[in-house]
$ cat entry_38.cif   # mmCIF, C-alpha atoms
data_target
#
loop_
_atom_site.group_PDB
_atom_site.id
_atom_site.type_symbol
_atom_site.label_atom_id
_atom_site.label_comp_id
_atom_site.auth_asym_id
_atom_site.auth_seq_id
_atom_site.Cartn_x
_atom_site.Cartn_y
_atom_site.Cartn_z
ATOM 1 C CA MET C 1117 61.104 82.403 142.219
ATOM 2 C CA ILE C 1118 60.393 86.103 141.748
ATOM 3 C CA GLY C 1119 60.149 86.925 138.066
ATOM 4 C CA ASN C 1120 58.659 85.673 134.831
ATOM 5 C CA PRO C 1121 56.204 82.774 135.331
ATOM 6 C CA HIS C 1122 57.481 81.324 132.033
ATOM 7 C CA GLY C 1123 60.870 80.698 133.667
ATOM 8 C CA THR C 1124 63.080 83.558 132.418
ATOM 9 C CA ARG C 1125 64.850 85.306 135.271
ATOM 10 C CA LEU C 1126 67.435 87.987 135.742
ATOM 11 C CA PRO C 1127 70.918 86.666 136.495
ATOM 12 C CA ASP C 1128 72.456 87.540 139.851
ATOM 13 C CA ARG C 1129 74.705 89.981 138.050
ATOM 14 C CA ALA C 1130 74.831 93.677 137.325
ATOM 15 C CA GLY C 1131 72.607 95.220 134.685
ATOM 16 C CA VAL C 1132 72.192 98.779 133.422
ATOM 17 C CA GLY C 1133 69.377 100.968 132.180
ATOM 18 C CA PHE C 1134 69.162 100.902 128.399
ATOM 19 C CA LYS C 1135 69.764 104.234 126.668
ATOM 20 C CA GLY C 1136 69.181 104.849 122.984
ATOM 21 C CA ALA C 1137 72.552 106.600 122.781
ATOM 22 C CA HIS C 1138 74.224 103.275 123.603
ATOM 23 C CA ALA C 1139 72.301 101.189 121.064
ATOM 24 C CA ASP C 1140 75.181 100.981 118.593
ATOM 25 C CA ASP C 1141 77.517 99.844 121.387
ATOM 26 C CA VAL C 1142 75.152 97.102 122.559
ATOM 27 C CA ILE C 1143 72.851 95.674 119.912
ATOM 28 C CA GLY C 1144 74.386 92.943 117.816
ATOM 29 C CA LYS C 1145 77.621 93.081 119.834
ATOM 30 C CA PRO C 1146 79.078 90.489 122.251
ATOM 31 C CA LYS C 1147 77.280 90.505 125.587
ATOM 32 C CA GLN C 1148 78.871 92.966 127.975
ATOM 33 C CA VAL C 1149 76.507 93.164 130.975
ATOM 34 C CA GLY C 1150 74.118 90.753 132.607
ATOM 35 C CA TRP C 1151 70.822 92.396 131.661
ATOM 36 C CA PHE C 1152 69.052 95.642 130.833
ATOM 37 C CA GLU C 1153 66.241 97.634 132.398
ATOM 38 C CA ILE C 1154 63.745 99.714 130.437
ATOM 39 C CA HIS C 1155 60.909 102.013 131.485
ATOM 40 C CA PRO C 1156 57.781 100.579 129.840
ATOM 41 C CA GLU C 1157 56.259 104.049 129.436
ATOM 42 C CA ASN C 1158 58.915 104.771 126.788
ATOM 43 C CA TYR C 1159 57.644 101.872 124.677
ATOM 44 C CA MET C 1160 53.871 102.255 124.909
ATOM 45 C CA VAL C 1161 53.588 102.951 121.195
ATOM 46 C CA ALA C 1162 51.857 101.121 118.356
ATOM 47 C CA GLY C 1163 55.057 100.418 116.418
ATOM 48 C CA GLY C 1164 58.097 102.046 114.905
ATOM 49 C CA PRO C 1165 61.819 102.157 115.701
ATOM 50 C CA ARG C 1166 61.499 102.102 119.499
ATOM 51 C CA LEU C 1167 59.830 98.705 119.500
ATOM 52 C CA ALA C 1168 62.220 97.429 116.832
ATOM 53 C CA VAL C 1169 65.201 98.366 119.022
ATOM 54 C CA LEU C 1170 63.576 96.728 122.039
ATOM 55 C CA GLU C 1171 62.970 93.559 120.023
ATOM 56 C CA ALA C 1172 66.658 93.452 119.124
ATOM 57 C CA LEU C 1173 67.729 94.088 122.711
ATOM 58 C CA ARG C 1174 65.360 91.446 124.064
ATOM 59 C CA ALA C 1175 66.758 88.902 121.603
ATOM 60 C CA ASP C 1176 70.177 89.163 123.273
ATOM 61 C CA TYR C 1177 69.485 90.041 126.910
ATOM 62 C CA PRO C 1178 67.018 89.453 129.717
ATOM 63 C CA ILE C 1179 65.149 92.689 130.410
ATOM 64 C CA SER C 1180 63.443 94.177 133.433
ATOM 65 C CA MET C 1181 60.532 96.592 133.064
ATOM 66 C CA HIS C 1182 60.598 99.278 135.750
ATOM 67 C CA GLY C 1183 57.497 101.440 135.666
ATOM 68 C CA VAL C 1184 57.361 105.101 136.593
ATOM 69 C CA GLY C 1185 53.789 106.052 135.740
ATOM 70 C CA LEU C 1186 51.242 103.758 137.402
ATOM 71 C CA SER C 1187 50.915 106.005 140.486
ATOM 72 C CA LEU C 1188 50.551 102.985 142.759
ATOM 73 C CA GLY C 1189 50.608 105.060 145.922
ATOM 74 C CA GLY C 1190 48.051 107.673 144.883
ATOM 75 C CA GLY C 1191 45.018 106.077 146.485
ATOM 76 C CA GLU C 1192 43.012 106.406 143.262
ATOM 77 C CA ARG C 1193 41.843 103.836 140.740
ATOM 78 C CA LEU C 1194 44.670 102.933 138.419
ATOM 79 C CA ASP C 1195 44.432 104.135 134.828
ATOM 80 C CA PRO C 1196 42.928 101.182 132.902
ATOM 81 C CA HIS C 1197 44.500 102.356 129.633
ATOM 82 C CA HIS C 1198 47.951 102.420 131.224
ATOM 83 C CA LEU C 1199 47.399 98.936 132.647
ATOM 84 C CA ALA C 1200 46.272 97.644 129.251
ATOM 85 C CA ASP C 1201 49.321 99.140 127.535
ATOM 86 C CA LEU C 1202 51.574 97.606 130.178
ATOM 87 C CA LYS C 1203 50.007 94.183 129.743
ATOM 88 C CA ARG C 1204 50.541 94.323 125.974
ATOM 89 C CA LEU C 1205 54.237 95.074 126.487
ATOM 90 C CA VAL C 1206 54.598 92.344 129.101
ATOM 91 C CA ASP C 1207 52.884 89.785 126.880
ATOM 92 C CA ARG C 1208 55.000 90.733 123.871
ATOM 93 C CA PHE C 1209 58.447 91.023 125.437
ATOM 94 C CA GLU C 1210 58.108 88.702 128.460
ATOM 95 C CA PRO C 1211 60.398 90.645 130.806
ATOM 96 C CA ALA C 1212 62.222 88.693 133.445
ATOM 97 C CA MET C 1213 61.070 91.203 136.064
ATOM 98 C CA LEU C 1214 58.337 93.812 136.435
ATOM 99 C CA SER C 1215 58.517 96.556 139.056
ATOM 100 C CA GLU C 1216 57.075 99.898 140.115
ATOM 101 C CA HIS C 1217 57.630 102.673 142.654
ATOM 102 C CA ILE C 1218 55.847 103.301 145.927
ATOM 103 C CA ALA C 1219 54.802 106.785 144.870
ATOM 104 C CA TRP C 1220 52.063 108.782 143.215
ATOM 105 C CA SER C 1221 52.239 110.854 140.061
ATOM 106 C CA SER C 1222 48.631 111.609 139.131
ATOM 107 C CA HIS C 1223 45.525 113.058 140.791
ATOM 108 C CA ASP C 1224 42.073 113.753 139.371
ATOM 109 C CA GLY C 1225 43.341 113.207 135.851
ATOM 110 C CA LEU C 1226 46.361 115.493 136.242
ATOM 111 C CA TYR C 1227 49.772 113.924 135.674
ATOM 112 C CA MET C 1228 52.989 115.147 137.283
ATOM 113 C CA ALA C 1229 56.421 114.325 135.883
ATOM 114 C CA ASP C 1230 57.643 113.259 139.302
ATOM 115 C CA LEU C 1231 57.434 110.453 141.849
ATOM 116 C CA LEU C 1232 55.723 112.035 144.851
ATOM 117 C CA PRO C 1233 55.795 110.555 148.378
ATOM 118 C CA THR C 1234 53.104 108.222 149.651
ATOM 119 C CA PRO C 1235 52.179 108.738 153.334
ATOM 120 C CA MET C 1236 53.131 105.800 155.540
ATOM 121 C CA THR C 1237 49.696 105.289 157.119
ATOM 122 C CA GLN C 1238 47.370 102.328 157.492
ATOM 123 C CA LYS C 1239 44.964 103.786 154.935
ATOM 124 C CA SER C 1240 47.746 104.241 152.381
ATOM 125 C CA LEU C 1241 49.014 100.738 153.108
ATOM 126 C CA ASP C 1242 45.597 99.203 152.454
ATOM 127 C CA GLN C 1243 45.175 101.194 149.243
ATOM 128 C CA LEU C 1244 48.650 100.243 148.034
ATOM 129 C CA VAL C 1245 47.952 96.551 148.588
ATOM 130 C CA GLU C 1246 44.776 96.880 146.507
ATOM 131 C CA ALA C 1247 46.652 98.685 143.723
ATOM 132 C CA ILE C 1248 49.399 96.052 143.623
ATOM 133 C CA ASP C 1249 46.778 93.309 143.486
ATOM 134 C CA GLU C 1250 45.162 95.061 140.527
ATOM 135 C CA VAL C 1251 48.481 95.233 138.647
ATOM 136 C CA GLN C 1252 49.388 91.629 139.416
ATOM 137 C CA THR C 1253 45.950 90.425 138.345
ATOM 138 C CA ALA C 1254 46.017 92.464 135.127
ATOM 139 C CA THR C 1255 49.522 91.379 134.082
ATOM 140 C CA GLY C 1256 49.520 87.856 135.499
ATOM 141 C CA ARG C 1257 52.831 88.710 137.160
ATOM 142 C CA LYS C 1258 54.239 89.035 140.623
ATOM 143 C CA ILE C 1259 55.768 92.520 140.717
ATOM 144 C CA LEU C 1260 58.403 94.241 142.816
ATOM 145 C CA ILE C 1261 57.896 97.574 144.594
ATOM 146 C CA GLU C 1262 60.751 100.008 145.220
ATOM 147 C CA ASN C 1263 61.437 101.766 148.503
ATOM 148 C CA PRO C 1264 61.175 105.558 148.102
ATOM 149 C CA THR C 1265 63.645 108.404 148.453
ATOM 150 C CA SER C 1266 62.681 110.781 151.284
ATOM 151 C CA TYR C 1267 63.607 114.434 151.629
ATOM 152 C CA LEU C 1268 61.463 115.208 154.682
ATOM 153 C CA ALA C 1269 59.249 113.272 157.060
ATOM 154 C CA LEU C 1270 55.568 113.644 156.207
ATOM 155 C CA PRO C 1271 53.678 114.723 159.344
ATOM 156 C CA GLN C 1272 50.962 112.112 158.809
ATOM 157 C CA ASN C 1273 53.389 109.186 158.730
ATOM 158 C CA SER C 1274 52.473 106.666 161.425
ATOM 159 C CA ILE C 1275 54.231 103.466 160.272
ATOM 160 C CA PRO C 1276 58.026 103.088 159.972
ATOM 161 C CA GLU C 1277 59.001 102.690 156.330
ATOM 162 C CA ILE C 1278 60.588 99.258 156.694
ATOM 163 C CA ASP C 1279 57.463 97.952 158.442
ATOM 164 C CA PHE C 1280 55.269 99.587 155.799
ATOM 165 C CA ILE C 1281 56.982 98.046 152.773
ATOM 166 C CA THR C 1282 57.329 94.647 154.451
ATOM 167 C CA GLU C 1283 53.642 94.434 155.343
ATOM 168 C CA VAL C 1284 52.633 95.582 151.853
ATOM 169 C CA ALA C 1285 54.775 92.867 150.297
ATOM 170 C CA ARG C 1286 53.559 90.140 152.649
ATOM 171 C CA ARG C 1287 49.894 91.020 152.195
ATOM 172 C CA SER C 1288 49.969 91.541 148.423
ATOM 173 C CA GLY C 1289 52.355 88.731 147.584
ATOM 174 C CA CYS C 1290 54.695 91.076 145.714
ATOM 175 C CA GLY C 1291 58.445 91.331 146.200
ATOM 176 C CA LEU C 1292 60.774 94.198 147.027
ATOM 177 C CA LEU C 1293 63.136 96.135 144.806
ATOM 178 C CA ILE C 1294 65.626 97.600 147.257
ATOM 179 C CA ASP C 1295 67.290 100.810 146.136
ATOM 180 C CA VAL C 1296 70.338 101.123 148.379
ATOM 181 C CA ASN C 1297 71.019 104.681 147.254
ATOM 182 C CA ASN C 1298 67.476 105.647 148.297
ATOM 183 C CA ILE C 1299 68.100 104.209 151.757
ATOM 184 C CA TYR C 1300 71.333 106.163 152.127
ATOM 185 C CA ILE C 1301 69.776 109.429 150.948
ATOM 186 C CA SER C 1302 66.722 109.041 153.185
ATOM 187 C CA ALA C 1303 68.895 108.183 156.177
ATOM 188 C CA CYS C 1304 71.035 111.287 155.671
ATOM 189 C CA ASN C 1305 68.035 113.549 155.080
ATOM 190 C CA LEU C 1306 65.857 112.216 157.908
ATOM 191 C CA GLY C 1307 68.523 111.240 160.418
ATOM 192 C CA PHE C 1308 68.081 107.476 160.831
ATOM 193 C CA ASP C 1309 70.673 104.683 160.677
ATOM 194 C CA ALA C 1310 70.928 103.262 157.163
ATOM 195 C CA SER C 1311 72.661 100.120 158.416
ATOM 196 C CA ASP C 1312 69.760 99.293 160.725
ATOM 197 C CA TYR C 1313 67.351 99.676 157.801
ATOM 198 C CA VAL C 1314 69.437 97.405 155.556
ATOM 199 C CA ASP C 1315 69.691 94.792 158.303
ATOM 200 C CA ALA C 1316 65.915 94.743 158.824
ATOM 201 C CA ILE C 1317 64.891 93.996 155.218
ATOM 202 C CA PRO C 1318 63.583 90.421 154.885
ATOM 203 C CA GLY C 1319 65.938 88.768 152.426
ATOM 204 C CA ASP C 1320 63.299 86.430 151.021
ATOM 205 C CA LEU C 1321 61.334 89.419 149.683
ATOM 206 C CA ILE C 1322 64.219 91.006 147.753
ATOM 207 C CA GLY C 1323 64.087 90.274 144.038
ATOM 208 C CA GLU C 1324 66.308 93.065 142.747
ATOM 209 C CA ILE C 1325 68.655 95.798 143.968
ATOM 210 C CA HIS C 1326 69.281 99.275 142.554
ATOM 211 C CA LEU C 1327 72.426 101.379 142.913
ATOM 212 C CA ALA C 1328 72.824 104.976 141.764
ATOM 213 C CA GLY C 1329 74.705 108.205 142.326
ATOM 214 C CA HIS C 1330 73.448 111.288 144.141
ATOM 215 C CA GLU C 1331 74.397 114.917 144.743
ATOM 216 C CA ALA C 1332 73.995 117.485 147.485
ATOM 217 C CA ASP C 1333 71.345 120.142 146.898
ATOM 218 C CA ALA C 1334 73.273 123.243 145.845
ATOM 219 C CA ASN C 1335 70.392 125.527 146.882
ATOM 220 C CA SER C 1336 70.026 124.278 150.428
ATOM 221 C CA ASN C 1337 71.574 125.750 153.570
ATOM 222 C CA GLU C 1338 71.342 122.305 155.093
ATOM 223 C CA LYS C 1339 72.890 119.046 153.922
ATOM 224 C CA VAL C 1340 70.155 117.637 151.694
ATOM 225 C CA LEU C 1341 71.015 114.826 149.303
ATOM 226 C CA ILE C 1342 69.159 114.525 145.990
ATOM 227 C CA ASP C 1343 68.605 111.292 144.103
ATOM 228 C CA THR C 1344 69.941 112.578 140.779
ATOM 229 C CA HIS C 1345 71.127 109.335 139.130
ATOM 230 C CA SER C 1346 73.844 111.495 137.589
ATOM 231 C CA ARG C 1347 77.083 110.230 139.121
ATOM 232 C CA PRO C 1348 78.956 107.040 139.984
ATOM 233 C CA VAL C 1349 77.804 105.126 143.037
ATOM 234 C CA ALA C 1350 79.190 106.727 146.218
ATOM 235 C CA ASP C 1351 81.445 104.781 148.584
ATOM 236 C CA PRO C 1352 78.939 104.747 151.502
ATOM 237 C CA VAL C 1353 76.334 103.247 149.162
ATOM 238 C CA TRP C 1354 78.772 100.540 148.082
ATOM 239 C CA ASP C 1355 79.385 99.804 151.772
ATOM 240 C CA LEU C 1356 75.647 99.375 152.413
ATOM 241 C CA PHE C 1357 75.362 97.193 149.317
ATOM 242 C CA ASP C 1358 78.196 94.965 150.550
ATOM 243 C CA ARG C 1359 76.489 94.720 153.938
ATOM 244 C CA LEU C 1360 73.208 93.679 152.330
ATOM 245 C CA ILE C 1361 74.529 91.037 149.946
ATOM 246 C CA ALA C 1362 76.810 89.589 152.653
ATOM 247 C CA ARG C 1363 73.599 88.705 154.499
ATOM 248 C CA ILE C 1364 71.205 87.758 151.675
ATOM 249 C CA GLY C 1365 73.528 86.662 148.878
ATOM 250 C CA ALA C 1366 73.835 88.012 145.339
ATOM 251 C CA ARG C 1367 70.774 89.461 143.647
ATOM 252 C CA PRO C 1368 70.218 91.062 140.215
ATOM 253 C CA THR C 1369 71.645 94.561 140.654
ATOM 254 C CA LEU C 1370 71.010 97.582 138.457
ATOM 255 C CA ILE C 1371 73.286 100.558 137.928
ATOM 256 C CA GLU C 1372 70.926 103.539 137.448
ATOM 257 C CA TRP C 1373 72.494 106.449 135.560
ATOM 258 C CA ASP C 1374 69.712 108.515 133.998
ATOM 259 C CA ASN C 1375 71.090 112.079 133.945
ATOM 260 C CA ASP C 1376 74.434 113.307 132.606
ATOM 261 C CA VAL C 1377 74.598 109.858 131.031
ATOM 262 C CA PRO C 1378 78.203 108.824 130.379
ATOM 263 C CA ASP C 1379 79.608 106.973 127.401
ATOM 264 C CA TRP C 1380 79.049 103.249 127.187
ATOM 265 C CA ALA C 1381 82.540 102.322 128.403
ATOM 266 C CA THR C 1382 82.051 104.302 131.627
ATOM 267 C CA LEU C 1383 78.636 102.800 132.320
ATOM 268 C CA ARG C 1384 79.864 99.304 131.534
ATOM 269 C CA ALA C 1385 82.804 99.778 133.906
ATOM 270 C CA GLU C 1386 80.415 100.744 136.728
ATOM 271 C CA ALA C 1387 78.469 97.542 136.068
ATOM 272 C CA ALA C 1388 81.729 95.571 136.098
ATOM 273 C CA LEU C 1389 82.517 97.043 139.516
ATOM 274 C CA ALA C 1390 79.072 95.996 140.753
ATOM 275 C CA ASP C 1391 79.769 92.456 139.531
ATOM 276 C CA LEU C 1392 82.968 92.386 141.556
ATOM 277 C CA HIS C 1393 81.062 93.527 144.644
ATOM 278 C CA LEU C 1394 78.519 90.770 144.041
ATOM 279 C CA GLU C 1395 81.400 88.296 143.925
ATOM 280 C CA GLY C 1396 82.942 89.710 147.108
ATOM 281 C CA ARG C 1397 86.110 91.019 145.485
ATOM 282 C CA PRO C 1398 85.683 94.748 144.764
ATOM 283 C CA GLN C 1399 89.331 95.350 145.635
ATOM 284 C CA GLN C 1400 90.250 93.740 142.314
ATOM 285 C CA PHE C 1401 88.644 96.537 140.310
ATOM 286 C CA SER C 1402 91.278 98.304 138.235
ATOM 287 C CA GLY C 1403 89.144 101.096 136.826
ATOM 288 C CA ALA C 1404 88.907 99.383 133.459
ATOM 289 C CA ASP C 1405 86.128 97.020 132.505
ATOM 290 C CA PRO C 1406 87.230 93.391 132.342
ATOM 291 C CA VAL C 1407 84.858 92.350 129.550
ATOM 292 C CA ARG C 1408 83.327 88.972 130.397
ATOM 293 C CA ALA C 1409 80.693 86.973 128.611
ATOM 294 C CA ALA C 1410 77.247 87.326 130.163
ATOM 295 C CA SER C 1411 75.804 84.107 131.465
#

$ encode --input "entry_38.cif" --output "structure tokens"
Amino acid sequence: MIGNPHGTRLPDRAGVGFKGAHADDVIGKPKQVGWFEIHPENYMVAGGPRLAVLEALRADYPISMHGVGLSLGGGERLDPHHLADLKRLVDRFEPAMLSEHIAWSSHDGLYMADLLPTPMTQKSLDQLVEAIDEVQTATGRKILIENPTSYLALPQNSIPEIDFITEVARRSGCGLLIDVNNIYISACNLGFDASDYVDAIPGDLIGEIHLAGHEADANSNEKVLIDTHSRPVADPVWDLFDRLIARIGARPTLIEWDNDVPDWATLRAEAALADLHLEGRPQQFSGADPVRAAS
């Protein structure tokens, strides 16, 4: 089982990213989605209202912690203070899942507010395995790593992405968080077949799936898609998602909507649509959210 060694796991249902603006719609109310995701970096504080809200959320829902700041793919020693803060959160809130990106965001003590691409080379692969091992040892958890979004092919790349992430997972013992929107965007931007990529992912490694919306770059003369997390999931991404779960079965699936965040009813309806896809009956979606009790 990929998840919390204490036995808590994410249900094979749709979850959403928790936003403070939705707290009044969620906390203390009947359960409306399967689970919530939070970014641990937003809660690395000594106390106060953020942790109080997270305590209340965790009392009602399983949560997944999806990191954005470890810089796993940077090839440098991981920040020990960040790791210590992460471990404290994990020990306190016991998330059902812990995950990070295959990316880098810091270098020589400088921190960038972005997830920058890791070269797909043997050296980077070896360094990434070491970094994952350090995180898993520090937290006592098996983690998931997320496939990246690509906007151009790095000239030093020497290993196909699907082979890269599969070997990293096999060697480190981690699992995969498969972002279907990232696959679609990368396929459009780089010119490969997204269906072939989806078909090649080892199902036994997949612990979680992400879905999100994207937009075309308004400043580009070419068709470049940007992973904006600012819109509903696009139809081609739903099609890839259906293709994946038809082969591997239902998995915990997150709706990511981080920019131009809609009201709670709209976000909940997108999660309800994801649940119908997971059940193989998306054609029954009416556009309204059929509120169902979370299992």

$ resolve_selection --input "entry_38.cif" --expression "the PyMOL selection byres ((chain C and resi 1138) around 12)" --output "VMD selection string"
chain C and resid 1132 to 1137 1139 to 1145 1152 1169 1173 1377 to 1384

$ resolve_selection --input "entry_38.cif" --expression "the PyMOL selection byres ((chain C and resi 1273-1275) around 8)" --output "PDB file with C-alpha atoms, in the frame of the given file"
ATOM      1  CA  PRO C1235      52.179 108.738 153.334  1.00  0.00           C
ATOM      2  CA  MET C1236      53.131 105.800 155.540  1.00  0.00           C
ATOM      3  CA  THR C1237      49.696 105.289 157.119  1.00  0.00           C
ATOM      4  CA  GLN C1238      47.370 102.328 157.492  1.00  0.00           C
ATOM      5  CA  ALA C1269      59.249 113.272 157.060  1.00  0.00           C
ATOM      6  CA  LEU C1270      55.568 113.644 156.207  1.00  0.00           C
ATOM      7  CA  PRO C1271      53.678 114.723 159.344  1.00  0.00           C
ATOM      8  CA  GLN C1272      50.962 112.112 158.809  1.00  0.00           C
ATOM      9  CA  PRO C1276      58.026 103.088 159.972  1.00  0.00           C
ATOM     10  CA  GLU C1277      59.001 102.690 156.330  1.00  0.00           C
ATOM     11  CA  ASP C1279      57.463  97.952 158.442  1.00  0.00           C
ATOM     12  CA  PHE C1280      55.269  99.587 155.799  1.00  0.00           C
TER      13      PHE C1280
END

$ closest_residue --input "entry_38.cif" --among "C:Val1284, C:Asp1320, C:Asn1298, C:Glu1246" --to "C:Tyr1267" --atoms "all atoms listed in the file"
C:Asn1298

$ atom_distance --input "entry_38.cif" --atom1 "atom CA of C:Asp1249" --atom2 "atom CA of C:Glu1216"
12.7 Å

$ atom_distance --input "entry_38.cif" --atom1 "atom CA of C:Asn1263" --atom2 "atom CA of C:Gly1183"
13.4 Å

$ resolve_selection --input "entry_38.cif" --expression "the PyMOL selection byres ((chain C and resi 1131) around 10)" --output "number ranges by chain"
C: 1126-1130, 1132-1134, 1148-1153, 1177-1180, 1326, 1368-1372, 1383-1384, 1386-1388, 1390-1391

$ write_last_selection --input "entry_38.cif" --atoms "C-alpha atoms" --output "JSON list (two decimals), keeping the file's coordinate frame"
[["chain", "number", "residue", "atom", "x", "y", "z"],
["C", 1126, "LEU", "CA", 67.44, 87.99, 135.74],
["C", 1127, "PRO", "CA", 70.92, 86.67, 136.50],
["C", 1128, "ASP", "CA", 72.46, 87.54, 139.85],
["C", 1129, "ARG", "CA", 74.70, 89.98, 138.05],
["C", 1130, "ALA", "CA", 74.83, 93.68, 137.32],
["C", 1132, "VAL", "CA", 72.19, 98.78, 133.42],
["C", 1133, "GLY", "CA", 69.38, 100.97, 132.18],
["C", 1134, "PHE", "CA", 69.16, 100.90, 128.40],
["C", 1148, "GLN", "CA", 78.87, 92.97, 127.98],
["C", 1149, "VAL", "CA", 76.51, 93.16, 130.98],
["C", 1150, "GLY", "CA", 74.12, 90.75, 132.61],
["C", 1151, "TRP", "CA", 70.82, 92.40, 131.66],
["C", 1152, "PHE", "CA", 69.05, 95.64, 130.83],
["C", 1153, "GLU", "CA", 66.24, 97.63, 132.40],
["C", 1177, "TYR", "CA", 69.48, 90.04, 126.91],
["C", 1178, "PRO", "CA", 67.02, 89.45, 129.72],
["C", 1179, "ILE", "CA", 65.15, 92.69, 130.41],
["C", 1180, "SER", "CA", 63.44, 94.18, 133.43],
["C", 1326, "HIS", "CA", 69.28, 99.28, 142.55],
["C", 1368, "PRO", "CA", 70.22, 91.06, 140.22],
["C", 1369, "THR", "CA", 71.64, 94.56, 140.65],
["C", 1370, "LEU", "CA", 71.01, 97.58, 138.46],
["C", 1371, "ILE", "CA", 73.29, 100.56, 137.93],
["C", 1372, "GLU", "CA", 70.93, 103.54, 137.45],
["C", 1383, "LEU", "CA", 78.64, 102.80, 132.32],
["C", 1384, "ARG", "CA", 79.86, 99.30, 131.53],
["C", 1386, "GLU", "CA", 80.42, 100.74, 136.73],
["C", 1387, "ALA", "CA", 78.47, 97.54, 136.07],
["C", 1388, "ALA", "CA", 81.73, 95.57, 136.10],
["C", 1390, "ALA", "CA", 79.07, 96.00, 140.75],
["C", 1391, "ASP", "CA", 79.77, 92.46, 139.53]]

$ axis_aligned_box --input "entry_38.cif" --around "stretch 1316-1319 of chain C" --padding-each-side "3 Å" --output "AutoDock Vina command-line options"
--center_x 64.8 --center_y 91.8 --center_z 155.6 --size_x 8.4 --size_y 12.0 --size_z 12.4

$ residues_around --input "entry_38.cif" --residues "stretch 1309-1318 of chain C" --least-positions-apart "4" --cutoff "8 Å" --atoms "only C-alpha atoms" --output "ChimeraX atom specification"
/C:1278,1282,1299-1300,1303,1322,1356,1359-1360

$ residues_around --input "entry_38.cif" --residues "C:Met1160" --least-positions-apart "5" --cutoff "9 Å" --atoms "all atoms listed in the file" --output "list in words"
Leu1167, His1198, Asp1201, Leu1202, Arg1204 and Leu1205 of chain C

$ atom_distance --input "entry_38.cif" --atom1 "atom CA of C:Arg1397" --atom2 "atom CA of C:Val1353"
16.1 Å

$ decode --input "entry_38.cif" --residues "stretch 1185-1196 of chain C" --atoms "N, CA, C and O atoms" --output "mmCIF file, in the first residue's frame"
data_model
loop_
_atom_site.group_PDB
_atom_site.id
_atom_site.type_symbol
_atom_site.label_atom_id
_atom_site.label_comp_id
_atom_site.auth_asym_id
_atom_site.auth_seq_id
_atom_site.Cartn_x
_atom_site.Cartn_y
_atom_site.Cartn_z
ATOM 1 N N GLY C 1185 8.712 22.750 -2.449
ATOM 2 C CA GLY C 1185 9.924 23.489 -2.136
ATOM 3 C C GLY C 1185 11.160 22.692 -1.795
ATOM 4 O O GLY C 1185 12.193 23.271 -1.453
ATOM 5 N N LEU C 1186 11.117 21.360 -1.886
ATOM 6 C CA LEU C 1186 12.291 20.571 -1.510
ATOM 7 C C LEU C 1186 13.414 20.632 -2.540
ATOM 8 O O LEU C 1186 14.556 20.332 -2.235
ATOM 9 N N SER C 1187 13.073 20.976 -3.798
ATOM 10 C CA SER C 1187 14.078 21.024 -4.867
ATOM 11 C C SER C 1187 14.761 19.676 -5.035
ATOM 12 O O SER C 1187 15.991 19.571 -5.098
ATOM 13 N N LEU C 1188 13.944 18.628 -5.154
ATOM 14 C CA LEU C 1188 14.468 17.268 -5.268
ATOM 15 C C LEU C 1188 15.418 17.089 -6.444
ATOM 16 O O LEU C 1188 16.396 16.341 -6.360
ATOM 17 N N GLY C 1189 15.112 17.769 -7.552
ATOM 18 C CA GLY C 1189 15.889 17.548 -8.764
ATOM 19 C C GLY C 1189 17.032 18.510 -8.966
ATOM 20 O O GLY C 1189 17.561 18.618 -10.072
ATOM 21 N N GLY C 1190 17.459 19.208 -7.914
ATOM 22 C CA GLY C 1190 18.492 20.226 -8.060
ATOM 23 C C GLY C 1190 19.911 19.724 -7.986
ATOM 24 O O GLY C 1190 20.852 20.470 -8.283
ATOM 25 N N GLY C 1191 20.098 18.472 -7.569
ATOM 26 C CA GLY C 1191 21.443 17.926 -7.498
ATOM 27 C C GLY C 1191 22.258 18.435 -6.337
ATOM 28 O O GLY C 1191 23.462 18.148 -6.241
ATOM 29 N N GLU C 1192 21.646 19.188 -5.423
ATOM 30 C CA GLU C 1192 22.333 19.692 -4.241
ATOM 31 C C GLU C 1192 21.781 19.013 -2.993
ATOM 32 O O GLU C 1192 20.712 18.407 -3.015
ATOM 33 N N ARG C 1193 22.513 19.149 -1.890
ATOM 34 C CA ARG C 1193 22.032 18.621 -0.623
ATOM 35 C C ARG C 1193 20.715 19.301 -0.269
ATOM 36 O O ARG C 1193 20.575 20.518 -0.390
ATOM 37 N N LEU C 1194 19.773 18.512 0.192
ATOM 38 C CA LEU C 1194 18.486 19.077 0.563
ATOM 39 C C LEU C 1194 18.630 19.924 1.821
ATOM 40 O O LEU C 1194 19.474 19.656 2.684
ATOM 41 N N ASP C 1195 17.793 20.948 1.919
ATOM 42 C CA ASP C 1195 17.824 21.859 3.058
ATOM 43 C C ASP C 1195 17.397 21.099 4.317
ATOM 44 O O ASP C 1195 16.239 20.666 4.430
ATOM 45 N N PRO C 1196 18.297 20.933 5.287
ATOM 46 C CA PRO C 1196 17.937 20.150 6.487
ATOM 47 C C PRO C 1196 16.837 20.811 7.313
ATOM 48 O O PRO C 1196 16.055 20.123 7.974
#
